[in-house]
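Working notes for the structure below.
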Number of protein chains: 2
Amino acid sequence: MSTEPRSTGEPTGAPEASFRIGVLGRGTVGGAFTGLVLEHSERIQRITGLRPMVSGVLSRSVGDFETILADSDLIVELIGGIEPARTYVLQAMRAGRHVVTANKQLLSQYGDELFAAAGEHGVQLRFEGAVAGVVPVVRVLQESLAGARIDRVHGIVNGTTNFILSEMARLGIGFDEALAEAQRLGYAESDPSDDVDGLDAAAKMAILARLAFGAPVHLDQVPYEGIRHITPHDMEYARELGLGLKLIGTAERIGEALSVRVHPAFLNPGHPLASVGGPFNAVTVESPAITEITMSGPGAGGPQTATAVLGDVVSAMIPPASPPEEMVPMPIVTDVVSAFYLHLEVADEPGVLALVAQVLATHGVSVKSVVQKGMNEQARLVMVTHPVLESSFFAATEEISALDALRAPPRSIRVIEEEF
Amino acid sequence: MSTEPRSTGEPTGAPEASFRIGVLGRGTVGGAFTGLVLEHSERIQRITGLRPMVSGVLSRSVGDFETILADSDLIVELIGGIEPARTYVLQAMRAGRHVVTANKQLLSQYGDELFAAAGEHGVQLRFEGAVAGVVPVVRVLQESLAGARIDRVHGIVNGTTNFILSEMARLGIGFDEALAEAQRLGYAESDPSDDVDGLDAAAKMAILARLAFGAPVHLDQVPYEGIRHITPHDMEYARELGLGLKLIGTAERIGEALSVRVHPAFLNPGHPLASVGGPFNAVTVESPAITEITMSGPGAGGPQTATAVLGDVVSAMIPPASPPEEMVPMPIVTDVVSAFYLHLEVADEPGVLALVAQVLATHGVSVKSVVQKGMNEQARLVMVTHPVLESSFFAATEEISALDALRAPPRSIRVIEEEF
């Protein structure tokens with residue numbers, strides 16, 4: 001059934017074209033996940049040809065696993081921890097169900113058993129949400145880079161510690177103060193040990209090492225060190241030398257062996273992970289044929305993990321037939337709003353700036369900054385505008401180009417001002 | 001057959017567990033691709049359960065399309081351009097074959113026809129290599145973010161122009177000089193028009209817009225502007241204000257409509273695309289639920305595109321049964337080489353630095369830089385070592401911690417020195 005989701009053969013009364021998802025766990029991620037399924041079911045049906053529906057949710061007090069299993073084409077495990085998650089996941093795979101999980105503890109400690117069961121029963125075991133939230137590192141290692149020899153994976157795979165280190169660097173505060181701020185903002189749990197001592201990152205690196213090198217790596221084989229001992233002095237040193245200080249997970253080949261480890265490290269400013277700030281995660285994969293790929297995005301959080309889990313569910317739904325998404329035409333906007341840099345070479349005489357400013361104002365173009373530099377007989381005016389409809393801006397520059405004082409055609413380049 | 005690749009039903013004598021790939025095109029990418037298939041066939045068999053083999057290669061002078069089609073489970077199209085690529089791709093899908101292509105012209109101009117044919121015949125049409133080389137943006141938009149509403153895609157999707165702009169910024173040279181350098185290094189073709197005028201980026205953005213918004217977007221609907229008019233003055237301005245100047249492709253929702261466009265733009269230094277230099281590509285996907293994901297890596301090149309194409313082939317092979325990769329145990333290294341930052345608080349008296357240096361030397365730890373700061377009775381010694389076996393370093397710090405002059409336990413943090 002799991003390989004032929006179109007005809008389930010189960011007497012549930014579900015319509016032929018539906019895909020039934022049994023959800024284990026009713027926490028933040030579980031709630032966000034069921035919401036996303038409802039919200040995006042039409043779009044997913046367009047992509048996969050099947051309409052996803054949540055056929056049952058198991059919580060500590062409500063629901064029966066056997067019933068949910070019987071009513072599902074795929075099981076999403078969001079209970080966390082080892083038991084009963086392990087038993088349920090194994091039982092689901094033995095019953096021929098694909099499994100999607102975000103459970104890093106389970107995968108890093110019982111990976112051999114789980115992957116063997118998936119192989120034996122011919123089902124998919126997907127777990128993007130277990131590693132770096134919605135940053136698609138699992139997918140990239142398993143599929144995109146299946147044809148590449150991977151030498152090293154470097155990652156910032158814990159958002160809590162990255163937020164704490166970013167705040168320490170930004171404000172010059174100590175670990176305790178930054179941790180309190182992280183807890184206040186919901187980036188750290190009330191018992192932050194697993195995050196700040198590196199265990200969470202170690203579990204994720206064990207999973208990534210397994211994927212990158214096809215070798216069975218257990219959490220016990222990953223030495224880890226956290227960030228409690230980092231002081232403002234270390235941050236000051238980093239700032240003086242322009243270095244970034246991050247909690248880095250590494251999985252790399254050393255000859256014919258592997259090293260997998262987690263520890264804080266200083267990074268040169270040119271390193272792709274050095275500029276990753278706040279609660280973000282990022283992973284760099286190095287391979288001789290392709291040099292490197294870097295992926296970054298928000299670390300685990302309810303909506304992010306739920307999005308990653310749903311992405312896995314969609315991937316599992318796509319085969320065997322993958323009718324591409326049905327297209328819905330949308331109108332195309334031809335005139336958009338943009339800020340502009342405008343470069344003018346003008347006669348260096350009184351009143352030119354006023355003239356230019358007046359033309360701009362006539363067309364509703366508001367100037368944010370202007371620099372004027374004299375060069376003998378002529379001057380260079382460089383200005384940046386506030387965002388304006390492009391048609392208005394170009395109408396203004398056309399009029400400006402006809403001014404007697406212009407010594408060369410106006411030149412303009414758009415400016416993207418992100419609200420970060 | 002294509003949905004059941006295990007039993008092909010074709011009288012080719014291929015073993016049951018093989019997966020036959022017909023390759024159209026014998027250029028740089030085609031050559032790199034067939035090499036990768038050979039090199040990684042065992043690993044791919046472990047991942048997918050099927051052994052990939054190139055069953056035929058079509059070039060202008062050698063091979064017959066009908067024969068190759070009959071002998072293949074999947075067709076890889078690397079001819080480029082519109083015809084005969086379009087006819088072959090359609091014919092392959094009508095015959096029930098999955099198709100993998102890196103042909104951006106074809107997808108951006110005949111996307112409607114191609115996607116409709118894939119849907120009608122229940123085959124997969126995959127094209128990661130057509131957009132950003134090995135940067136997995138297609139996979140992320142189609143699968144990872146299937147459960148996310150996407151608001152905007154910003155990208156540097158042309159490596160040639162990014163290299164030219166990076167060189168102009170770095171060396172203060174003009175466009176022509178930077179283009180000549182790009183041509184010398186193989187980053188630009190002898191006729192660079194499609195790249196430097198923005199057409200290549202426009203085709204890629206049309207494809208990304210289609211994926212991000214599920215709307216049929218044609219190359220003709222994408223206004224584009226290139227970088228020939230960018231001058232050293234513009235770069236000087238950018239440097240003065242700390243801005244980056246990039247050729248940016250944008251696909252975004254504006255109300256219920258879309259805007260898709262390509263133009264140079266100044267970016268704030270905090271923008272995730274601002275720091276992407278050289279011939280790299282990068283794409284940022286923005287969605288309210290997940291904030292944003294950024295992916296970067298080398299742009300198109302023979303090995304990169306071939307890797308992306310093979311990744312697509314593997315994804316198409318995985319269903320229906322996806323036994324996870326068979327594990328091969330590898331030894332774990334417990335003692336690795338690393339550079340260290342070492343922070344010591346010592347009595348401020350003569351000879352302490354010499355003593356510390358001697359202990360380090362005894363253990364083979366070589367000091368790269370040292371800073372000493374006095375603080376009344378005691379001093380702070382901060383040093384950075386050259387790379388050394390961790391066990392040697394820790395043996396040295398253990399010995400140092402026993403010195404009478406130490407006023408606090410030594411503290412150390414690893415330093416990652418990338419060879420960028």
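Residue numbers start at 1 in each chain; chains themselves are named A, B, ... in the order of the structure tokens; ligands are numbered from 1 in the order shown.
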**Message:** Just the number, please: Cα RMSD of chain A on chain B after least-squares superposition over all C-alpha atoms matched in order.
**Reply:**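 It is 0.1 Å.
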**Polymer residues at most 12 Å from Met375 (chain B), only C-alpha atoms, same-chain spacing of 3 or more positions, as a VMD selection string** = chain B and resid 345 to 349 372 378 to 381
Please produce a file of the residues just selected, as an mmCIF file, in the first residue's frame, where the atoms kept are N, CA and C atoms.
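Written file, result37.cif:
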data_model
loop_
_atom_site.group_PDB
_atom_site.id
_atom_site.type_symbol
_atom_site.label_atom_id
_atom_site.label_comp_id
_atom_site.auth_asym_id
_atom_site.auth_seq_id
_atom_site.Cartn_x
_atom_site.Cartn_y
_atom_site.Cartn_z
ATOM 1 N N GLU B 345 45.817 33.292 32.280
ATOM 2 C CA GLU B 345 46.013 34.384 33.234
ATOM 3 C C GLU B 345 47.164 33.985 34.136
ATOM 4 N N VAL B 346 48.217 34.804 34.092
ATOM 5 C CA VAL B 346 49.471 34.424 34.757
ATOM 6 C C VAL B 346 49.960 35.560 35.650
ATOM 7 N N ALA B 347 50.844 35.201 36.550
ATOM 8 C CA ALA B 347 51.515 36.228 37.357
ATOM 9 C C ALA B 347 52.332 37.114 36.433
ATOM 10 N N ASP B 348 52.297 38.443 36.666
ATOM 11 C CA ASP B 348 53.029 39.348 35.778
ATOM 12 C C ASP B 348 54.471 39.464 36.261
ATOM 13 N N GLU B 349 55.256 38.451 35.980
ATOM 14 C CA GLU B 349 56.652 38.450 36.425
ATOM 15 C C GLU B 349 57.522 37.905 35.292
ATOM 16 N N GLN B 372 50.236 39.895 24.917
ATOM 17 C CA GLN B 372 50.334 39.896 26.379
ATOM 18 C C GLN B 372 49.824 41.229 26.882
ATOM 19 N N GLN B 378 48.811 40.679 37.708
ATOM 20 C CA GLN B 378 48.799 39.548 36.796
ATOM 21 C C GLN B 378 48.669 40.004 35.346
ATOM 22 N N ALA B 379 48.897 39.072 34.434
ATOM 23 C CA ALA B 379 48.898 39.418 33.009
ATOM 24 C C ALA B 379 48.027 38.415 32.268
ATOM 25 N N ARG B 380 47.530 38.842 31.131
ATOM 26 C CA ARG B 380 46.765 37.937 30.286
ATOM 27 C C ARG B 380 47.611 37.622 29.052
ATOM 28 N N LEU B 381 47.802 36.352 28.816
ATOM 29 C CA LEU B 381 48.536 35.904 27.633
ATOM 30 C C LEU B 381 47.520 35.268 26.691
#
**Request:** Per DSSP on the backbone, filter region 264-351 of chain B down to the residues in alpha helix (DSSP H) and report them as a list in words.
**Result:**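 Of region 264-351 of chain B, only Gly302, Pro303, Gln304, Thr305, Ala306, Thr307, Ala308, Val309, Leu310, Gly311, Asp312, Val313, Val314, Ser315, Ala316 and Met317 of chain B fall in alpha helix (DSSP H).
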**Fill in**
Here CA of Glu128 (chain B) and CA of Ala308 (chain B) stand apart by 6.0 Å
**Request:** For Met93 (chain B), please output as a ChimeraX atom specification all residues within 9 Å (counting only C-alpha atoms; exclusion window: fewer than 6 positions along the same chain).
**Result:** /B:75,99,114,117-118,120-125
Generate a file of the selected residues that holds N, CA and C atoms, formatted as an mmCIF file, in the first residue's frame.
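Below is the file that was written, out.cif:
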data_model
loop_
_atom_site.group_PDB
_atom_site.id
_atom_site.type_symbol
_atom_site.label_atom_id
_atom_site.label_comp_id
_atom_site.auth_asym_id
_atom_site.auth_seq_id
_atom_site.Cartn_x
_atom_site.Cartn_y
_atom_site.Cartn_z
ATOM 1 N N ILE B 75 15.855 9.297 -19.712
ATOM 2 C CA ILE B 75 16.628 10.032 -20.710
ATOM 3 C C ILE B 75 17.204 11.290 -20.071
ATOM 4 N N VAL B 99 12.527 12.121 -17.560
ATOM 5 C CA VAL B 99 13.516 12.942 -18.255
ATOM 6 C C VAL B 99 14.224 13.847 -17.246
ATOM 7 N N LEU B 114 6.021 21.106 -21.858
ATOM 8 C CA LEU B 114 6.800 20.024 -21.257
ATOM 9 C C LEU B 114 6.150 19.522 -19.964
ATOM 10 N N ALA B 117 3.050 17.495 -20.713
ATOM 11 C CA ALA B 117 3.373 16.156 -21.216
ATOM 12 C C ALA B 117 3.795 15.236 -20.073
ATOM 13 N N ALA B 118 4.606 15.769 -19.132
ATOM 14 C CA ALA B 118 5.028 14.953 -17.991
ATOM 15 C C ALA B 118 3.815 14.506 -17.182
ATOM 16 N N GLU B 120 0.663 14.285 -18.186
ATOM 17 C CA GLU B 120 -0.190 13.407 -18.978
ATOM 18 C C GLU B 120 0.337 11.968 -18.990
ATOM 19 N N HIS B 121 1.668 11.842 -19.065
ATOM 20 C CA HIS B 121 2.237 10.498 -19.181
ATOM 21 C C HIS B 121 2.752 9.955 -17.852
ATOM 22 N N GLY B 122 2.528 10.697 -16.750
ATOM 23 C CA GLY B 122 2.889 10.192 -15.420
ATOM 24 C C GLY B 122 4.375 9.955 -15.237
ATOM 25 N N VAL B 123 5.195 10.804 -15.849
ATOM 26 C CA VAL B 123 6.643 10.652 -15.688
ATOM 27 C C VAL B 123 7.213 11.877 -14.973
ATOM 28 N N GLN B 124 8.411 11.727 -14.485
ATOM 29 C CA GLN B 124 9.076 12.839 -13.814
ATOM 30 C C GLN B 124 9.898 13.648 -14.811
ATOM 31 N N LEU B 125 9.821 14.959 -14.656
ATOM 32 C CA LEU B 125 10.657 15.872 -15.433
ATOM 33 C C LEU B 125 11.478 16.639 -14.415
#
**Request:** Might you pull out every residue within 7 Å of region 279-283 of chain B, with only C-alpha atoms counted and same-chain residues fewer than 6 positions away left off, and present them as a list in words?
**Result:**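 Returned residues: Ala132, Val153, His154, Gly155, Ile156, Val157, Asn158, Gly159, Thr160, Asn162, Phe163, Leu273, Thr294, Met295, Ser296, Gly297, Pro298 and Gly299 of chain B.
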**Item:** Selected residue of minimal separation from chain A among B:Ser315, B:Thr34, B:Ser275, B:Ser392, counting only C-alpha atoms
**Value:**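 For chain A, the nearest of the given residues is B:Ser315.
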**Request:** With a distance cut-off of 7 Å and only C-alpha atoms, select the neighbouring residues of region 353-367 of chain B, excluding the residue or stretch itself and same-chain residues fewer than 5 positions from it, and output the selection as a PyMOL selection string.
**Result:** chain B and resi 383-386+388+392-393+396+400
Kindly export the residues of the current selection with N, CA and C atoms, as a tab-separated table (two decimals), in the first residue's frame.
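Full text of selection.tsv as output:
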chain	number	residue	atom	x	y	z
B	383	MET	N	47.31	33.53	22.98
B	383	MET	CA	48.10	33.11	21.83
B	383	MET	C	47.28	32.22	20.91
B	384	VAL	N	47.72	32.21	19.65
B	384	VAL	CA	47.11	31.31	18.67
B	384	VAL	C	48.21	30.40	18.15
B	385	THR	N	47.91	29.11	18.11
B	385	THR	CA	48.93	28.14	17.69
B	385	THR	C	48.76	27.80	16.21
B	386	HIS	N	49.79	27.22	15.65
B	386	HIS	CA	49.65	26.58	14.35
B	386	HIS	C	48.90	25.25	14.56
B	388	VAL	N	47.95	21.56	15.20
B	388	VAL	CA	48.71	20.57	15.97
B	388	VAL	C	47.73	19.46	16.37
B	392	SER	N	48.38	16.49	21.67
B	392	SER	CA	49.61	17.20	22.03
B	392	SER	C	49.29	18.52	22.69
B	393	PHE	N	48.34	19.22	22.11
B	393	PHE	CA	47.98	20.52	22.67
B	393	PHE	C	47.45	20.37	24.09
B	396	ALA	N	50.05	19.69	26.58
B	396	ALA	CA	50.78	20.92	26.93
B	396	ALA	C	49.97	21.77	27.91
B	400	ILE	N	50.87	23.13	31.56
B	400	ILE	CA	50.85	24.58	31.84
B	400	ILE	C	49.96	24.87	33.06
**Message:** Run DSSP on the backbone and tell me which residues of region 6-147 of chain B come out as strand (DSSP E or B); list them as a PyMOL selection string.
**Reply:** chain B and resi 18-24+51-58+74-77+98-101+125-126
Written selection (N, CA and C atoms) as a PDB file, in the first residue's frame:
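Result file is result29.pdb:
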ATOM      1  N   SER B  18      19.374  -3.309 -12.805  1.00  0.00           N
ATOM      2  CA  SER B  18      20.076  -2.156 -13.365  1.00  0.00           C
ATOM      3  C   SER B  18      19.074  -1.077 -13.747  1.00  0.00           C
ATOM      4  N   PHE B  19      19.566   0.132 -13.906  1.00  0.00           N
ATOM      5  CA  PHE B  19      18.751   1.264 -14.301  1.00  0.00           C
ATOM      6  C   PHE B  19      19.483   1.925 -15.463  1.00  0.00           C
ATOM      7  N   ARG B  20      18.796   1.944 -16.645  1.00  0.00           N
ATOM      8  CA  ARG B  20      19.490   2.305 -17.878  1.00  0.00           C
ATOM      9  C   ARG B  20      19.245   3.771 -18.239  1.00  0.00           C
ATOM     10  N   ILE B  21      20.318   4.508 -18.397  1.00  0.00           N
ATOM     11  CA  ILE B  21      20.252   5.944 -18.653  1.00  0.00           C
ATOM     12  C   ILE B  21      20.699   6.225 -20.081  1.00  0.00           C
ATOM     13  N   GLY B  22      19.817   6.801 -20.867  1.00  0.00           N
ATOM     14  CA  GLY B  22      20.183   7.230 -22.212  1.00  0.00           C
ATOM     15  C   GLY B  22      20.586   8.696 -22.183  1.00  0.00           C
ATOM     16  N   VAL B  23      21.756   9.009 -22.709  1.00  0.00           N
ATOM     17  CA  VAL B  23      22.289  10.371 -22.629  1.00  0.00           C
ATOM     18  C   VAL B  23      22.253  11.013 -24.012  1.00  0.00           C
ATOM     19  N   LEU B  24      21.612  12.178 -24.117  1.00  0.00           N
ATOM     20  CA  LEU B  24      21.586  12.917 -25.372  1.00  0.00           C
ATOM     21  C   LEU B  24      22.557  14.088 -25.243  1.00  0.00           C
ATOM     22  N   ARG B  51      21.467  -0.543 -10.061  1.00  0.00           N
ATOM     23  CA  ARG B  51      22.786  -0.146 -10.539  1.00  0.00           C
ATOM     24  C   ARG B  51      22.619   0.720 -11.784  1.00  0.00           C
ATOM     25  N   PRO B  52      23.055   1.991 -11.724  1.00  0.00           N
ATOM     26  CA  PRO B  52      22.890   2.856 -12.897  1.00  0.00           C
ATOM     27  C   PRO B  52      23.914   2.515 -13.973  1.00  0.00           C
ATOM     28  N   MET B  53      23.481   2.546 -15.223  1.00  0.00           N
ATOM     29  CA  MET B  53      24.429   2.345 -16.324  1.00  0.00           C
ATOM     30  C   MET B  53      24.010   3.217 -17.503  1.00  0.00           C
ATOM     31  N   VAL B  54      24.994   3.763 -18.200  1.00  0.00           N
ATOM     32  CA  VAL B  54      24.699   4.556 -19.383  1.00  0.00           C
ATOM     33  C   VAL B  54      24.483   3.579 -20.537  1.00  0.00           C
ATOM     34  N   SER B  55      23.245   3.544 -21.047  1.00  0.00           N
ATOM     35  CA  SER B  55      22.909   2.544 -22.064  1.00  0.00           C
ATOM     36  C   SER B  55      23.147   3.061 -23.480  1.00  0.00           C
ATOM     37  N   GLY B  56      23.389   4.368 -23.607  1.00  0.00           N
ATOM     38  CA  GLY B  56      23.667   4.895 -24.938  1.00  0.00           C
ATOM     39  C   GLY B  56      23.909   6.390 -24.866  1.00  0.00           C
ATOM     40  N   VAL B  57      24.727   6.901 -25.799  1.00  0.00           N
ATOM     41  CA  VAL B  57      25.005   8.336 -25.858  1.00  0.00           C
ATOM     42  C   VAL B  57      24.777   8.800 -27.291  1.00  0.00           C
ATOM     43  N   LEU B  58      23.963   9.831 -27.418  1.00  0.00           N
ATOM     44  CA  LEU B  58      23.673  10.368 -28.753  1.00  0.00           C
ATOM     45  C   LEU B  58      24.493  11.641 -28.975  1.00  0.00           C
ATOM     46  N   LEU B  74      15.451   5.998 -18.457  1.00  0.00           N
ATOM     47  CA  LEU B  74      15.405   7.453 -18.220  1.00  0.00           C
ATOM     48  C   LEU B  74      16.295   8.117 -19.267  1.00  0.00           C
ATOM     49  N   ILE B  75      15.855   9.297 -19.712  1.00  0.00           N
ATOM     50  CA  ILE B  75      16.628  10.032 -20.710  1.00  0.00           C
ATOM     51  C   ILE B  75      17.204  11.290 -20.071  1.00  0.00           C
ATOM     52  N   VAL B  76      18.516  11.495 -20.257  1.00  0.00           N
ATOM     53  CA  VAL B  76      19.182  12.719 -19.813  1.00  0.00           C
ATOM     54  C   VAL B  76      19.439  13.571 -21.050  1.00  0.00           C
ATOM     55  N   GLU B  77      18.844  14.765 -21.078  1.00  0.00           N
ATOM     56  CA  GLU B  77      18.990  15.633 -22.256  1.00  0.00           C
ATOM     57  C   GLU B  77      20.023  16.715 -21.966  1.00  0.00           C
ATOM     58  N   HIS B  98      11.127   8.816 -17.665  1.00  0.00           N
ATOM     59  CA  HIS B  98      11.479  10.019 -16.921  1.00  0.00           C
ATOM     60  C   HIS B  98      12.525  10.784 -17.724  1.00  0.00           C
ATOM     61  N   VAL B  99      12.527  12.121 -17.560  1.00  0.00           N
ATOM     62  CA  VAL B  99      13.516  12.942 -18.255  1.00  0.00           C
ATOM     63  C   VAL B  99      14.224  13.847 -17.246  1.00  0.00           C
ATOM     64  N   VAL B 100      15.539  13.928 -17.372  1.00  0.00           N
ATOM     65  CA  VAL B 100      16.328  14.889 -16.610  1.00  0.00           C
ATOM     66  C   VAL B 100      17.026  15.787 -17.625  1.00  0.00           C
ATOM     67  N   THR B 101      16.908  17.099 -17.434  1.00  0.00           N
ATOM     68  CA  THR B 101      17.514  18.023 -18.388  1.00  0.00           C
ATOM     69  C   THR B 101      18.153  19.195 -17.658  1.00  0.00           C
ATOM     70  N   LEU B 125       9.821  14.959 -14.656  1.00  0.00           N
ATOM     71  CA  LEU B 125      10.657  15.872 -15.433  1.00  0.00           C
ATOM     72  C   LEU B 125      11.478  16.639 -14.415  1.00  0.00           C
ATOM     73  N   ARG B 126      12.764  16.380 -14.361  1.00  0.00           N
ATOM     74  CA  ARG B 126      13.617  16.998 -13.338  1.00  0.00           C
ATOM     75  C   ARG B 126      14.676  17.876 -14.003  1.00  0.00           C
TER      76      ARG B 126
END
**Asked** How many Å separate CA of Ala85 (chain B) from CA of Leu106 (chain B)?
**Response**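 Rounded to one decimal, the two atoms are 7.8 Å apart.
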**Request:** Quick one: everything within 8 Å of region 218-229 of chain A, counting only C-alpha atoms, minus sequence neighbours fewer than 6 positions away in the same chain. Send it as a PyMOL selection string.
**Result:** (chain A and resi 108-111+161+175+195-199+202-203+205-206+247+260-264) or (chain B and resi 332)
**Message:** Can you pull out the residues contacting Gln91 (chain A)? Cut-off 10 Å, using only C-alpha atoms, and skip same-chain residues under 3 positions away; I want them as a list in words.
**Reply:**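 Counting only C-alpha atoms, the residues come to Phe65, Glu66, Leu69, Ala85, Arg86, Thr87, Tyr88, Arg94, Ala95, Gly96, Arg97 and Ala117 of chain A.
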**Message:** So, with only C-alpha atoms as the atoms that count, which of A:Leu344, A:Ala92, A:Met168, A:Ile290 lies closest to Met235 (chain A)?
**Reply:**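 Distance minimum relative to Met235 (chain A) lands on A:Met168.
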**Prompt:** Using only C-alpha atoms, which of the listed residues (B:Ile416, B:Gly186, B:Val352, B:Val137) sits closest to Leu243 (chain A)?
**Reply:**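 Smallest separation from Leu243 (chain A) among the options: B:Ile416.
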**Request:** Go through A:Val370, A:Glu83, A:Gly27, A:Leu342 one by one, measure the shortest atom-to-atom distance of each to Asp234 (chain B) using only C-alpha atoms, and give the residue with the smallest value.
**Result:**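 Looking only at the distances to Asp234 (chain B), the closest residue turns out to be A:Leu342.
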